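A.B. asks: File name model-v5.txt; file contents compact mmCIF, C-alpha atoms and all ligand atoms; full text below.
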```
# COMPACT_ATOMS: atom_id res chain seq x y z
CA MET A 205 7.91 -19.56 44.72
CA GLY A 206 9.70 -19.65 48.11
CA GLU A 207 7.95 -19.16 51.41
CA ASN A 208 9.57 -15.81 51.98
CA ASP A 209 8.67 -14.28 48.63
CA GLU A 210 6.56 -11.21 49.17
CA ILE A 211 3.43 -10.77 47.19
CA PRO A 212 3.64 -7.17 46.00
CA HIS A 213 0.78 -4.97 47.01
CA ILE A 214 -0.98 -3.31 44.11
CA SER A 215 -3.51 -0.58 44.80
CA GLU A 216 -6.92 -0.66 43.17
CA ASP A 217 -6.16 2.53 41.24
CA GLU A 218 -3.05 0.97 39.82
CA VAL A 219 -4.98 -2.10 38.72
CA ILE A 220 -7.58 0.03 36.93
CA GLU A 221 -4.91 2.18 35.34
CA LYS A 222 -3.09 -0.87 34.08
CA ALA A 223 -6.24 -2.49 32.75
CA GLU A 224 -7.21 0.65 30.85
CA GLY A 225 -3.74 1.07 29.46
CA THR A 226 -3.71 -2.53 28.36
CA SER A 227 -7.09 -2.47 26.65
CA GLN A 228 -6.27 0.71 24.73
CA LYS A 229 -3.03 -0.80 23.61
CA THR A 230 -4.62 -4.12 22.78
CA ASP A 231 -7.01 -2.77 20.15
CA ARG A 232 -4.25 -1.15 18.17
CA GLU A 233 -1.80 -3.93 18.88
CA LYS A 234 -4.31 -6.51 17.76
CA VAL A 235 -4.74 -4.77 14.42
CA LEU A 236 -0.99 -4.40 14.04
CA GLU A 237 -0.47 -8.07 14.85
CA GLU A 238 -3.03 -9.06 12.25
CA LEU A 239 -1.38 -6.79 9.73
CA LYS A 240 2.01 -8.27 10.51
CA ALA A 241 0.68 -11.78 9.90
CA LYS A 242 -0.82 -10.63 6.60
CA VAL A 243 2.46 -9.02 5.59
CA ASN A 244 4.38 -12.24 6.35
CA LYS A 245 1.89 -14.29 4.35
CA ALA A 246 1.99 -11.84 1.44
CA VAL A 247 5.79 -12.01 1.34
CA GLU A 248 5.67 -15.81 1.25
CA GLU A 249 3.17 -15.69 -1.59
CA ALA A 250 4.88 -12.90 -3.54
CA PRO A 251 4.57 -13.76 -7.23
CA VAL A 252 7.31 -13.38 -9.81
CA GLU A 253 6.46 -10.55 -12.21
CA ILE A 254 7.86 -9.01 -15.34
CA TYR A 255 9.00 -5.66 -14.02
CA TYR A 256 9.98 -2.63 -16.08
CA ARG A 257 12.30 -0.69 -13.85
CA GLU A 258 12.25 2.42 -16.08
CA TYR A 259 8.48 2.68 -15.59
CA GLY A 260 8.52 1.51 -11.99
CA ALA A 261 5.70 -0.82 -12.98
CA THR A 262 4.98 -4.45 -13.69
CA ARG A 263 3.86 -5.60 -17.10
CA GLU A 264 0.39 -6.22 -15.67
CA GLU A 265 0.16 -2.63 -14.42
CA LEU A 266 1.33 -1.17 -17.69
CA ILE A 267 -1.25 -3.14 -19.63
CA THR A 268 -4.02 -2.01 -17.27
CA ALA A 269 -2.83 1.61 -17.47
CA LEU A 270 -2.67 1.52 -21.26
CA GLU A 271 -6.13 -0.01 -21.52
CA GLU A 272 -7.58 2.63 -19.23
CA GLN A 273 -5.82 5.41 -21.09
CA GLU A 274 -7.34 4.18 -24.37
CA GLN A 275 -10.78 3.97 -22.79
CA MET A 276 -10.54 7.50 -21.32
CA LYS A 277 -9.46 8.96 -24.66
CA ARG A 278 -12.74 7.89 -26.21
CA LEU A 279 -14.86 9.54 -23.50
CA ALA A 280 -15.87 13.16 -22.85
CA PRO A 281 -14.53 14.73 -19.63
CA ASP A 282 -18.02 14.78 -18.09
CA ALA A 283 -18.82 11.16 -18.99
CA MET A 284 -19.29 8.84 -16.03
CA VAL A 285 -17.09 5.82 -15.45
CA THR A 286 -17.43 3.09 -12.84
CA LEU A 287 -14.39 1.70 -11.11
CA GLU A 288 -14.35 -1.67 -9.40
CA ALA A 289 -11.72 -2.80 -6.95
CA PRO A 290 -9.99 -5.85 -8.42
CA PRO A 291 -9.82 -9.00 -6.30
CA ILE A 292 -6.89 -9.12 -3.91
CA ARG A 293 -4.16 -11.29 -5.38
CA PRO A 294 -1.37 -13.29 -3.74
CA GLY A 295 1.32 -10.96 -2.44
CA GLU A 296 -1.16 -8.14 -1.84
CA ILE A 297 -2.65 -6.61 1.29
CA VAL A 298 -5.49 -4.09 1.08
CA ILE A 299 -7.00 -2.35 4.10
CA GLN A 300 -10.02 -0.05 4.31
CA ASN A 301 -8.89 1.98 7.32
CA GLN A 302 -6.66 4.85 6.22
CA ALA A 303 -5.48 5.30 9.83
CA TYR A 304 -3.43 2.10 9.59
CA TYR A 305 -1.94 2.67 6.15
CA ARG A 306 1.24 4.24 7.48
CA ASP A 307 1.77 1.23 9.76
CA LEU A 308 1.21 -1.16 6.88
CA VAL A 309 3.62 0.64 4.54
CA LYS A 310 6.26 0.84 7.24
CA MET A 311 5.97 -2.88 7.99
CA GLY A 312 6.24 -3.57 4.29
CA ARG A 313 9.39 -1.49 3.85
CA ARG A 314 10.97 -3.17 6.88
CA LYS A 315 10.10 -6.57 5.46
CA VAL A 316 11.76 -5.71 2.16
CA TYR A 317 15.02 -4.88 3.93
CA GLU A 318 14.83 -8.02 6.06
CA ALA A 319 14.05 -10.26 3.11
CA ASN A 320 16.91 -8.78 1.09
CA SER A 321 19.34 -8.98 4.03
CA VAL A 322 19.92 -5.24 3.93
CA SER A 323 20.63 -3.63 7.29
CA ILE A 324 17.71 -1.70 8.71
CA ASP A 325 18.06 2.10 8.64
CA GLU A 326 15.19 3.38 10.75
CA GLU A 327 15.48 6.92 9.44
CA LEU A 328 15.42 5.76 5.84
CA ILE A 329 12.36 3.59 6.51
CA GLU A 330 10.58 6.59 8.04
CA GLN A 331 11.44 8.74 5.02
CA GLU A 332 10.36 6.11 2.51
CA THR A 333 7.16 5.50 4.44
CA ASP A 334 6.30 9.22 4.49
CA HIS A 335 7.02 9.52 0.80
CA ILE A 336 4.85 6.54 -0.13
CA VAL A 337 1.96 7.44 2.18
CA ASN A 338 1.91 11.11 1.12
CA HIS A 339 1.87 10.01 -2.49
CA GLU A 340 -1.05 7.62 -2.09
CA LEU A 341 -3.03 10.00 0.13
CA ALA A 342 -2.83 12.64 -2.61
CA HIS A 343 -4.69 10.17 -4.87
CA ALA A 344 -7.06 9.38 -2.02
CA ASP A 345 -7.92 13.06 -1.45
CA VAL A 346 -9.49 13.21 -4.90
CA ALA A 347 -11.12 9.80 -4.46
CA LEU A 348 -12.74 10.94 -1.22
CA GLU A 349 -14.25 14.12 -2.69
CA ASP A 350 -18.02 14.24 -2.66
CA PRO A 351 -19.44 11.77 -3.62
CA PRO A 352 -16.63 9.66 -2.15
CA LEU A 353 -15.47 6.40 -3.66
CA ASN A 354 -14.70 3.39 -1.51
CA VAL A 355 -10.93 3.43 -1.23
CA GLY A 356 -8.70 0.46 -0.41
CA TYR A 357 -5.14 1.14 0.73
CA GLY A 358 -2.75 -1.47 -0.54
CA ILE A 359 0.78 -2.76 -0.77
CA ARG A 360 2.02 -5.57 -2.94
CA PHE A 361 5.11 -7.71 -2.79
CA PHE A 362 6.64 -9.39 -5.81
CA ARG A 363 9.93 -10.56 -7.18
CA ALA A 364 11.06 -9.43 -10.59
CA VAL A 365 12.05 -12.06 -13.15
CA GLU A 366 15.40 -10.33 -13.65
CA TYR A 367 16.27 -9.67 -10.02
CA PRO A 368 16.05 -12.04 -7.09
CA GLU A 369 15.26 -9.41 -4.48
CA LEU A 370 11.87 -8.73 -2.97
CA LEU A 371 10.16 -5.59 -4.25
CA MET A 372 7.20 -3.68 -2.85
CA GLN A 373 4.70 -1.32 -4.44
CA SER A 374 1.94 0.78 -2.97
CA PHE A 375 -1.44 1.20 -4.63
CA LEU A 376 -5.04 2.17 -3.99
CA THR A 377 -8.19 0.42 -5.12
CA TYR A 378 -11.38 2.29 -5.92
CA ASP A 379 -15.04 1.36 -5.97
CA GLY A 380 -17.56 3.82 -7.32
CA THR A 381 -18.73 6.03 -10.15
CA LEU A 382 -17.08 9.31 -11.13
CA THR A 383 -16.49 11.61 -14.10
CA VAL A 384 -13.64 11.04 -16.53
CA GLU A 385 -12.30 14.46 -15.52
CA ARG A 386 -12.12 13.44 -11.87
CA ARG A 387 -10.65 10.04 -12.75
CA GLN A 388 -7.83 11.75 -14.59
CA ARG A 389 -7.31 14.26 -11.82
CA MET A 390 -7.17 11.35 -9.36
CA SER A 391 -4.44 9.59 -11.39
CA GLY A 392 -2.39 12.74 -11.70
CA ALA A 393 -2.94 13.99 -8.15
CA PRO A 394 0.50 13.47 -6.55
CA SER A 395 2.79 16.38 -7.22
CA ASP A 396 5.79 14.11 -7.72
CA GLY A 397 4.16 12.89 -10.91
CA HIS A 398 4.92 9.18 -10.85
CA SER A 399 1.81 8.56 -12.93
CA ILE A 400 2.42 5.55 -15.14
CA SER A 401 0.32 7.01 -17.93
CA ASP A 402 2.53 10.12 -18.02
CA LYS A 403 5.56 7.92 -18.41
CA ILE A 404 3.88 5.87 -21.10
CA LYS A 405 3.03 9.02 -23.08
CA SER A 406 6.69 9.98 -23.22
CA LYS A 407 8.02 6.61 -24.29
CA THR A 408 7.21 3.87 -26.71
CA LEU A 409 6.17 0.85 -24.77
CA GLN A 410 7.20 -2.52 -26.06
CA THR A 411 5.45 -5.46 -24.58
CA ASP A 412 5.81 -8.98 -25.78
CA ASN A 413 2.64 -10.96 -25.92
CA SER A 414 4.18 -14.38 -25.92
ZN ZN A 501 0.49 7.25 -7.76
```
Write the structure described by the file as structure tokens, please.
Ligand SMILES: [Zn+2]
C.D. replies:
Amino acid sequence: MGENDEIPHISEDEVIEKAEGTSQKTDREKVLEELKAKVNKAVEEAPVEIYYREYGATREELITALEEQEQMKRLAPDAMVTLEAPPIRPGEIVIQNQAYYRDLVKMGRRKVYEANSVSIDEELIEQETDHIVNHELAHADVALEDPPLNVGYGIRFFRAVEYPELLMQSFLTYDGTLTVERRQRMSGAPSDGHSISDKIKSKTLQTDNS
């Protein structure tokens, strides 16, 4: 710094304003930074999965969905079932705060484009993010009915055996006890009807157990 450099005068009000602005920003930014680090780690750890593109599901997911479907069939609609959130696996990020889910999904979509060297189309990312978040929140609405379940908001990265590119899925985890009727309503909640079990019903699933 030269002798003639002026030290700019900052009023007290300005200092307070800046400090407040910074601290508000910092809380959210801190969370977003942490999420970003988690997303990067999850991408690095993304497992290779057997992926059935026609179902939009991994083999693991299909097996779980089939098992649950079988279990539900044997129970009356008013029977109680307990759901437990599975442990978080490599490639997955699950958050408890719904307010940050949109940020997480958006980061995830962006990461997929980056990892696959596809040019970033901001508008497309916004659209995809809205679609994914609206879908999962429709499930969550039922999960949060009284008495509410504990809901985890997740994304998962993986690479399919057949394709080298990075793929991403969204999912929710649930902890709590509910009726079979509500469990089924929760699975079928989104109006765009992605529900894996619906797809399974309409097709013969062939899995190889080798
Ligand atoms: Zn769904």
A.B. asks: A:Tyr255, A:Glu366, A:Leu308, A:Leu287: which is nearest Lys242 in chain A, counting all atoms listed in the file?
C.D. replies: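 So, comparing all the options, the nearest one is A:Leu308.
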A.B. asks: Report the distance between CA of Glu253 in chain A and CA of Arg363 in chain A in Å, rounded to one decimal place.
C.D. replies: 6.1 Å
A.B. asks: Mind pulling up the distance from CA of Tyr304 in chain A to CA of Glu237 in chain A?
C.D. replies: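 Answer for the CA of Glu237 in chain A to CA of Tyr304 in chain A separation: 11.8 Å.
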A.B. asks: Please report the interatomic distance between CA of Tyr259 in chain A and CA of Val365 in chain A in Å with one decimal.
C.D. replies: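 Computed distance, CA of Tyr259 in chain A to CA of Val365 in chain A, equals 15.4 Å.
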A.B. asks: How big is the axis-aligned box around the listed atoms of range 277-294 of chain A once 6 Å is added on each side, and where is its centre? Give both in Å to one decimal, as lines of an AutoDock Vina configuration file.
C.D. replies:
```
center_x = -10.3
center_y = 0.7
center_z = -15.0
size_x = 29.9
size_y = 40.1
size_z = 34.5
```
A.B. asks: Got a sec: who's within 10 Å of Ala246 in chain A, counting only C-alpha atoms, leaving out chain neighbours fewer than 5 positions off, as a ChimeraX atom specification?
C.D. replies: /A:240-241,251,293-297,312,359-362
